[in-house]
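Asks: Got a structure here, written out as C-alpha coordinates. Questions coming.
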Amino acid sequence: MRTKAANGERRREELADFLRTKRSSLQPEDVGLPDGSRRRTPGLRREEVALLAGVGNTWYTWLEQGRDVRASLDVLEALARALRLTPPERSHLILLGRGEHAKPCKAPAEEVSPNLRRLVENIGPGPAYLLGRRWDYLAWNRPFEAVFSWAPGPDPLSRNHVWLWFMDPSRRTLCSGDWAGSARLVVAKFRADSARNIGDPAFEELVSALNLSSPEFRKLWKRHEVAGSGDGRKELTHPVAGELTFDHAVFGYGEAGEQRLVVYSPTDQHGTREKLAKLVEDPDADSRELTLAMAVS
(Lines give C-alpha, C1' and ligand atoms only; values in the text may rest on other atoms or scores of the structure.)
Protein backbone atom coordinates (compact mmCIF):
# COMPACT_ATOMS: atom_id res chain seq x y z
CA MET A 1 0.00 0.00 0.00
CA ARG A 2 1.37 3.37 -0.99
CA THR A 3 1.80 6.05 1.68
CA LYS A 4 0.70 9.64 1.18
CA ALA A 5 4.36 10.63 0.92
CA ALA A 6 4.98 8.06 -1.80
CA ASN A 7 1.89 9.19 -3.71
CA GLY A 8 3.01 12.82 -3.41
CA GLU A 9 6.39 11.90 -4.83
CA ARG A 10 4.73 10.06 -7.70
CA ARG A 11 2.55 13.07 -8.46
CA ARG A 12 5.61 15.36 -8.51
CA GLU A 13 7.37 12.96 -10.88
CA GLU A 14 4.36 13.00 -13.21
CA LEU A 15 4.24 16.81 -13.08
CA ALA A 16 7.98 17.09 -13.79
CA ASP A 17 7.78 14.67 -16.73
CA PHE A 18 4.74 16.46 -18.14
CA LEU A 19 6.44 19.88 -17.97
CA ARG A 20 9.63 18.59 -19.62
CA THR A 21 7.65 16.88 -22.38
CA LYS A 22 5.54 19.93 -23.20
CA ARG A 23 8.56 22.28 -23.06
CA SER A 24 10.52 20.13 -25.49
CA SER A 25 7.61 20.11 -27.95
CA LEU A 26 7.67 23.92 -28.40
CA GLN A 27 9.99 26.01 -30.55
CA PRO A 28 10.84 29.69 -29.84
CA GLU A 29 8.84 30.86 -32.83
CA ASP A 30 5.77 29.03 -31.43
CA VAL A 31 5.69 31.41 -28.47
CA GLY A 32 6.97 34.60 -30.13
CA LEU A 33 10.61 34.34 -29.04
CA PRO A 34 13.61 34.88 -31.35
CA ASP A 35 15.80 31.86 -32.03
CA GLY A 36 19.10 33.64 -31.67
CA SER A 37 21.47 30.71 -31.20
CA ARG A 38 21.92 27.05 -31.98
CA ARG A 39 20.27 24.66 -29.54
CA ARG A 40 21.80 21.42 -28.39
CA THR A 41 18.38 19.98 -27.53
CA PRO A 42 14.99 20.55 -29.17
CA GLY A 43 12.35 22.78 -27.60
CA LEU A 44 12.37 25.75 -25.29
CA ARG A 45 14.93 26.29 -22.57
CA ARG A 46 13.84 26.27 -18.95
CA GLU A 47 14.66 29.93 -18.53
CA GLU A 48 12.48 30.78 -21.51
CA VAL A 49 9.47 29.04 -19.97
CA ALA A 50 10.14 30.78 -16.66
CA LEU A 51 10.35 34.15 -18.43
CA LEU A 52 7.10 33.56 -20.34
CA ALA A 53 5.30 32.51 -17.16
CA GLY A 54 6.78 35.27 -15.02
CA VAL A 55 8.30 32.95 -12.43
CA GLY A 56 11.82 32.47 -11.15
CA ASN A 57 14.09 30.23 -13.22
CA THR A 58 15.40 28.38 -10.15
CA TRP A 59 11.89 27.75 -8.86
CA TYR A 60 10.70 26.45 -12.25
CA THR A 61 13.78 24.20 -12.47
CA TRP A 62 12.80 22.70 -9.11
CA LEU A 63 9.38 21.85 -10.54
CA GLU A 64 10.97 20.03 -13.48
CA GLN A 65 13.26 18.21 -11.09
CA GLY A 66 10.30 16.91 -9.11
CA ARG A 67 11.28 18.68 -5.91
CA ASP A 68 8.81 19.05 -3.05
CA VAL A 69 7.51 22.52 -3.90
CA ARG A 70 3.83 23.44 -4.19
CA ALA A 71 2.78 25.76 -6.98
CA SER A 72 -0.09 28.20 -6.55
CA LEU A 73 -3.05 28.09 -8.90
CA ASP A 74 -1.98 31.41 -10.45
CA VAL A 75 1.49 30.03 -11.21
CA LEU A 76 0.09 26.88 -12.80
CA GLU A 77 -2.27 28.99 -14.93
CA ALA A 78 0.71 31.08 -16.04
CA LEU A 79 2.67 27.94 -16.94
CA ALA A 80 -0.30 26.60 -18.89
CA ARG A 81 -0.37 29.81 -20.94
CA ALA A 82 3.40 29.82 -21.43
CA LEU A 83 3.38 26.23 -22.67
CA ARG A 84 0.36 26.85 -24.93
CA LEU A 85 -1.58 24.01 -23.28
CA THR A 86 -4.98 22.95 -24.58
CA PRO A 87 -7.93 23.05 -22.12
CA PRO A 88 -7.58 19.32 -21.29
CA GLU A 89 -3.80 19.74 -20.84
CA ARG A 90 -4.37 22.76 -18.58
CA SER A 91 -6.75 20.71 -16.41
CA HIS A 92 -4.19 17.91 -16.31
CA LEU A 93 -1.43 20.29 -15.20
CA ILE A 94 -3.52 21.82 -12.42
CA LEU A 95 -4.65 18.39 -11.23
CA LEU A 96 -1.05 17.18 -11.00
CA GLY A 97 0.14 20.37 -9.35
CA ARG A 98 -2.71 20.92 -6.89
CA GLY A 99 -4.89 17.79 -6.92
CA GLU A 100 -6.23 16.07 -3.85
CA HIS A 101 -4.05 13.53 -2.11
CA ALA A 102 -3.94 10.31 -4.08
CA LYS A 103 -6.10 7.54 -2.69
CA PRO A 104 -3.88 5.40 -0.45
CA CYS A 105 -5.93 2.27 -1.06
CA LYS A 106 -7.96 0.68 -3.81
CA ALA A 107 -11.13 2.56 -4.61
CA PRO A 108 -14.39 0.75 -3.88
CA ALA A 109 -15.84 -1.43 -6.60
CA GLU A 110 -18.16 0.42 -8.94
CA GLU A 111 -21.79 -0.63 -9.01
CA VAL A 112 -24.46 -0.10 -11.64
CA SER A 113 -28.06 0.24 -10.51
CA PRO A 114 -30.59 -2.17 -12.06
CA ASN A 115 -32.40 0.78 -13.64
CA LEU A 116 -29.24 2.10 -15.30
CA ARG A 117 -28.27 -1.37 -16.48
CA ARG A 118 -31.69 -1.86 -18.09
CA LEU A 119 -31.41 1.57 -19.70
CA VAL A 120 -28.06 0.72 -21.30
CA GLU A 121 -29.20 -2.73 -22.37
CA ASN A 122 -32.27 -1.30 -24.12
CA ILE A 123 -30.68 1.69 -25.81
CA GLY A 124 -30.87 1.04 -29.50
CA PRO A 125 -30.53 0.24 -32.21
CA GLY A 126 -26.76 0.88 -32.15
CA PRO A 127 -24.06 -0.27 -29.74
CA ALA A 128 -23.98 1.33 -26.28
CA TYR A 129 -21.84 0.74 -23.23
CA LEU A 130 -21.05 2.26 -19.84
CA LEU A 131 -17.39 2.67 -18.84
CA GLY A 132 -16.18 2.96 -15.25
CA ARG A 133 -13.45 5.25 -13.92
CA ARG A 134 -10.73 2.78 -15.07
CA TRP A 135 -12.49 2.31 -18.41
CA ASP A 136 -13.85 -1.13 -17.51
CA TYR A 137 -17.13 -2.15 -19.16
CA LEU A 138 -19.87 -1.92 -16.51
CA ALA A 139 -22.93 -2.38 -18.74
CA TRP A 140 -23.59 -2.85 -22.46
CA ASN A 141 -26.26 -3.84 -24.94
CA ARG A 142 -26.65 -6.63 -27.48
CA PRO A 143 -25.62 -4.54 -30.53
CA PHE A 144 -22.32 -3.78 -28.79
CA GLU A 145 -21.61 -7.48 -28.37
CA ALA A 146 -22.50 -8.15 -32.00
CA VAL A 147 -20.58 -5.28 -33.60
CA PHE A 148 -17.47 -5.56 -31.41
CA SER A 149 -17.53 -9.39 -31.35
CA TRP A 150 -17.12 -9.23 -27.59
CA ALA A 151 -18.24 -11.13 -24.53
CA PRO A 152 -16.95 -10.69 -20.96
CA GLY A 153 -14.33 -13.19 -19.82
CA PRO A 154 -13.07 -14.27 -16.37
CA ASP A 155 -9.94 -12.09 -16.62
CA PRO A 156 -10.69 -8.51 -15.46
CA LEU A 157 -8.53 -7.22 -18.30
CA SER A 158 -10.96 -8.76 -20.79
CA ARG A 159 -13.49 -6.16 -19.61
CA ASN A 160 -11.19 -3.16 -20.02
CA HIS A 161 -11.61 -0.89 -23.03
CA VAL A 162 -7.99 0.31 -23.20
CA TRP A 163 -6.54 -3.20 -22.80
CA LEU A 164 -8.73 -4.60 -25.56
CA TRP A 165 -7.91 -1.69 -27.86
CA PHE A 166 -4.23 -2.64 -27.84
CA MET A 167 -4.29 -6.36 -27.09
CA ASP A 168 -7.35 -7.72 -28.93
CA PRO A 169 -6.58 -8.33 -32.64
CA SER A 170 -10.27 -8.06 -33.53
CA ARG A 171 -10.29 -4.39 -32.44
CA ARG A 172 -7.52 -3.65 -34.92
CA THR A 173 -9.47 -5.36 -37.68
CA LEU A 174 -12.67 -3.55 -36.73
CA CYS A 175 -10.97 -0.13 -36.71
CA SER A 176 -8.51 -0.86 -39.52
CA GLY A 177 -9.28 2.44 -41.27
CA ASP A 178 -7.53 4.53 -38.61
CA TRP A 179 -6.57 2.30 -35.71
CA ALA A 180 -3.34 4.20 -34.98
CA GLY A 181 -5.05 7.60 -34.85
CA SER A 182 -7.82 6.26 -32.66
CA ALA A 183 -5.28 4.56 -30.38
CA ARG A 184 -3.48 7.86 -29.85
CA LEU A 185 -6.75 9.53 -28.87
CA VAL A 186 -7.73 6.65 -26.56
CA VAL A 187 -4.44 6.97 -24.66
CA ALA A 188 -4.73 10.78 -24.43
CA LYS A 189 -8.23 10.53 -22.96
CA PHE A 190 -7.22 7.74 -20.60
CA ARG A 191 -4.19 9.66 -19.34
CA ALA A 192 -6.41 12.63 -18.50
CA ASP A 193 -8.57 10.32 -16.39
CA SER A 194 -5.58 8.60 -14.78
CA ALA A 195 -4.45 11.89 -13.21
CA ARG A 196 -7.56 11.77 -11.02
CA ASN A 197 -6.58 8.35 -9.74
CA ILE A 198 -2.86 8.54 -9.01
CA GLY A 199 -2.13 6.09 -6.22
CA ASP A 200 -5.05 3.79 -7.07
CA PRO A 201 -3.49 0.30 -7.38
CA ALA A 202 -6.07 -0.77 -9.99
CA PHE A 203 -5.02 2.06 -12.31
CA GLU A 204 -1.32 1.44 -11.74
CA GLU A 205 -1.69 -2.30 -12.36
CA LEU A 206 -3.47 -1.63 -15.66
CA VAL A 207 -0.91 0.93 -16.86
CA SER A 208 1.94 -1.37 -15.83
CA ALA A 209 0.40 -4.32 -17.68
CA LEU A 210 -0.12 -2.23 -20.82
CA ASN A 211 3.41 -0.82 -20.74
CA LEU A 212 4.78 -4.34 -20.37
CA SER A 213 2.57 -5.95 -23.03
CA SER A 214 2.19 -3.28 -25.73
CA PRO A 215 5.11 -1.32 -27.22
CA GLU A 216 2.57 0.87 -29.01
CA PHE A 217 0.85 1.84 -25.77
CA ARG A 218 4.22 2.39 -24.08
CA LYS A 219 5.29 4.80 -26.82
CA LEU A 220 2.02 6.74 -26.71
CA TRP A 221 1.98 6.86 -22.90
CA LYS A 222 5.37 8.56 -22.88
CA ARG A 223 4.03 11.39 -25.04
CA HIS A 224 1.97 12.78 -22.13
CA GLU A 225 -0.83 13.85 -24.44
CA VAL A 226 -4.22 14.48 -22.83
CA ALA A 227 -7.62 15.01 -24.42
CA GLY A 228 -11.27 15.30 -23.46
CA SER A 229 -14.22 13.21 -24.59
CA GLY A 230 -16.56 14.25 -27.37
CA ASP A 231 -18.61 13.09 -30.30
CA GLY A 232 -17.66 12.05 -33.82
CA ARG A 233 -18.05 9.44 -36.54
CA LYS A 234 -16.73 5.89 -36.53
CA GLU A 235 -15.95 3.88 -39.66
CA LEU A 236 -15.74 0.19 -38.78
CA THR A 237 -14.92 -2.90 -40.81
CA HIS A 238 -16.78 -5.88 -39.39
CA PRO A 239 -15.50 -9.37 -40.38
CA VAL A 240 -19.04 -10.49 -41.26
CA ALA A 241 -21.07 -7.36 -42.00
CA GLY A 242 -18.35 -5.41 -43.79
CA GLU A 243 -18.28 -1.60 -43.72
CA LEU A 244 -20.33 0.02 -40.93
CA THR A 245 -20.65 3.74 -40.13
CA PHE A 246 -21.85 5.22 -36.86
CA ASP A 247 -22.22 8.62 -35.27
CA HIS A 248 -21.20 8.40 -31.63
CA ALA A 249 -21.38 10.56 -28.52
CA VAL A 250 -20.03 10.32 -24.97
CA PHE A 251 -22.01 11.38 -21.90
CA GLY A 252 -20.58 11.79 -18.39
CA TYR A 253 -22.52 10.02 -15.64
CA GLY A 254 -22.47 10.31 -11.86
CA GLU A 255 -21.78 13.18 -9.48
CA ALA A 256 -18.09 13.37 -10.40
CA GLY A 257 -18.60 12.32 -14.02
CA GLU A 258 -16.22 9.39 -13.51
CA GLN A 259 -18.41 7.07 -15.55
CA ARG A 260 -19.20 7.64 -19.21
CA LEU A 261 -21.97 6.37 -21.41
CA VAL A 262 -20.94 5.82 -25.04
CA VAL A 263 -23.72 5.56 -27.65
CA TYR A 264 -23.33 4.65 -31.33
CA SER A 265 -26.07 5.62 -33.79
CA PRO A 266 -26.08 3.78 -37.16
CA THR A 267 -26.04 5.99 -40.26
CA ASP A 268 -27.50 5.29 -43.69
CA GLN A 269 -24.03 4.82 -45.21
CA HIS A 270 -22.99 1.35 -46.39
CA GLY A 271 -26.44 0.00 -45.46
CA THR A 272 -25.38 0.13 -41.84
CA ARG A 273 -28.89 -0.01 -40.39
CA GLU A 274 -29.86 -3.11 -42.36
CA LYS A 275 -26.54 -4.82 -41.73
CA LEU A 276 -26.73 -4.09 -38.01
CA ALA A 277 -30.23 -5.52 -37.73
CA LYS A 278 -29.07 -8.70 -39.47
CA LEU A 279 -25.94 -8.89 -37.34
CA VAL A 280 -27.83 -8.56 -34.05
CA GLU A 281 -30.37 -11.15 -35.18
CA ASP A 282 -27.72 -13.68 -36.28
CA PRO A 283 -24.15 -12.63 -35.32
CA ASP A 284 -22.68 -15.87 -36.69
CA ALA A 285 -24.18 -15.56 -40.15
CA ASP A 286 -21.80 -16.41 -42.96
CA SER A 287 -20.47 -13.31 -44.66
CA ARG A 288 -21.44 -14.54 -48.13
CA GLU A 289 -25.04 -15.08 -47.07
CA LEU A 290 -25.14 -11.64 -45.52
CA THR A 291 -23.75 -10.01 -48.65
CA LEU A 292 -26.31 -11.81 -50.78
CA ALA A 293 -29.13 -10.73 -48.48
CA MET A 294 -28.02 -7.12 -48.69
CA ALA A 295 -27.82 -7.29 -52.49
CA VAL A 296 -31.33 -8.74 -52.80
CA SER A 297 -32.80 -6.12 -50.46
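All residue names refer to the C-alpha coordinates as shown: chains lettered A, B, ... in order, residues numbered from 1 in each chain, ligands numbered from 1 in order.
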Counting only C-alpha atoms, what is within 12 Å of Ser149 of chain A, bar same-chain residues fewer than 5 positions away, as a PyMOL selection string?
Replies: chain A and resi 127+142-144+164+168-171+173-174+237-241+279-280+283-284
Asks: Would you pick out the contacts of Asp231 of chain A at 7 Å or less, using only C-alpha atoms, so that residues sharing its chain but fewer than 5 positions from it are not included, and give the list as a short mmCIF file (atom, residue, chain, number, x, y, z; two decimals) with all heavy atoms, in the first residue's frame?
Replies:
data_model
loop_
_atom_site.label_atom_id
_atom_site.label_comp_id
_atom_site.auth_asym_id
_atom_site.auth_seq_id
_atom_site.Cartn_x
_atom_site.Cartn_y
_atom_site.Cartn_z
N HIS A 248 -21.27 8.79 -33.04
CA HIS A 248 -21.20 8.40 -31.63
C HIS A 248 -21.04 9.63 -30.75
O HIS A 248 -20.53 10.67 -31.17
CB HIS A 248 -20.04 7.42 -31.39
CG HIS A 248 -18.69 8.07 -31.32
ND1 HIS A 248 -18.10 8.44 -30.14
CD2 HIS A 248 -17.84 8.45 -32.30
CE1 HIS A 248 -16.92 9.00 -30.39
NE2 HIS A 248 -16.74 9.02 -31.68
N ALA A 249 -21.48 9.48 -29.51
CA ALA A 249 -21.38 10.56 -28.52
C ALA A 249 -21.07 9.95 -27.17
O ALA A 249 -21.38 8.79 -26.90
CB ALA A 249 -22.67 11.37 -28.47
N VAL A 250 -20.43 10.76 -26.31
CA VAL A 250 -20.03 10.32 -24.97
C VAL A 250 -20.69 11.23 -23.94
O VAL A 250 -20.62 12.46 -24.07
CB VAL A 250 -18.50 10.35 -24.81
CG1 VAL A 250 -18.10 9.85 -23.42
CG2 VAL A 250 -17.83 9.51 -25.90
#
Asks: Find, counting only C-alpha atoms, the residue in A:Thr41, A:Asn141, A:Ser91, A:Thr272 that gets nearest to Gly242 of chain A.
Replies: A:Thr272
Asks: With a cut-off of 8 Å, could you pull out the residues of segment 136-244 of chain A touching segment 7-20 of chain A and give me the nearest pair of atoms for each, distance in Å to one decimal, using only C-alpha atoms, ordered by chain and ascending number, as CSV?
Replies:
residue,atom,partner,partner_atom,distance
A:Ile198,CA,A:Arg11,CA,7.1
A:Gly199,CA,A:Asn7,CA,5.7
A:His224,CA,A:Phe18,CA,6.1
Asks: For Arg46 of chain A, which of A:Ile94, A:Ala209, A:Ala192, A:Ala82 is the closest residue, counting only C-alpha atoms?
Replies: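 Answer, going by the shortest atom-to-atom distance: A:Ala82.
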Asks: Give me every alpha helix (DSSP H) residue in segment 45-287 of chain A, going by DSSP on the backbone, as a PyMOL selection string.
Replies: chain A and resi 46-53+57-64+73-82+87-98+114-122+142-148+161-167+169-174+179-194+201-213+215-221+272-281+287
Asks: Atom CA of Ser176 of chain A and atom CA of Pro154 of chain A are how many Å apart?
Replies: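 Answer for the atom CA of Ser176 of chain A to atom CA of Pro154 of chain A separation: 27.1 Å.
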Asks: Considering only C-alpha atoms, can you say which of A:Leu26, A:Ala139, A:Val120, A:Cys175 comes closest to Lys234 of chain A?
Replies: A:Cys175
Asks: List as a ChimeraX atom specification the protein and nucleic acid residues near Arg39 of chain A, meaning an atom at most 12 Å away when only C-alpha atoms are counted, but skip any in the same chain fewer than 5 places from it.
Replies: /A:24,27-28,44-45
Asks: Between atom CA of Leu51 of chain A and atom CA of Lys22 of chain A, what distance in Å does the model show, to one decimal?
Replies: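 About the pair atom CA of Leu51 of chain A and atom CA of Lys22 of chain A: they are 15.7 Å apart.
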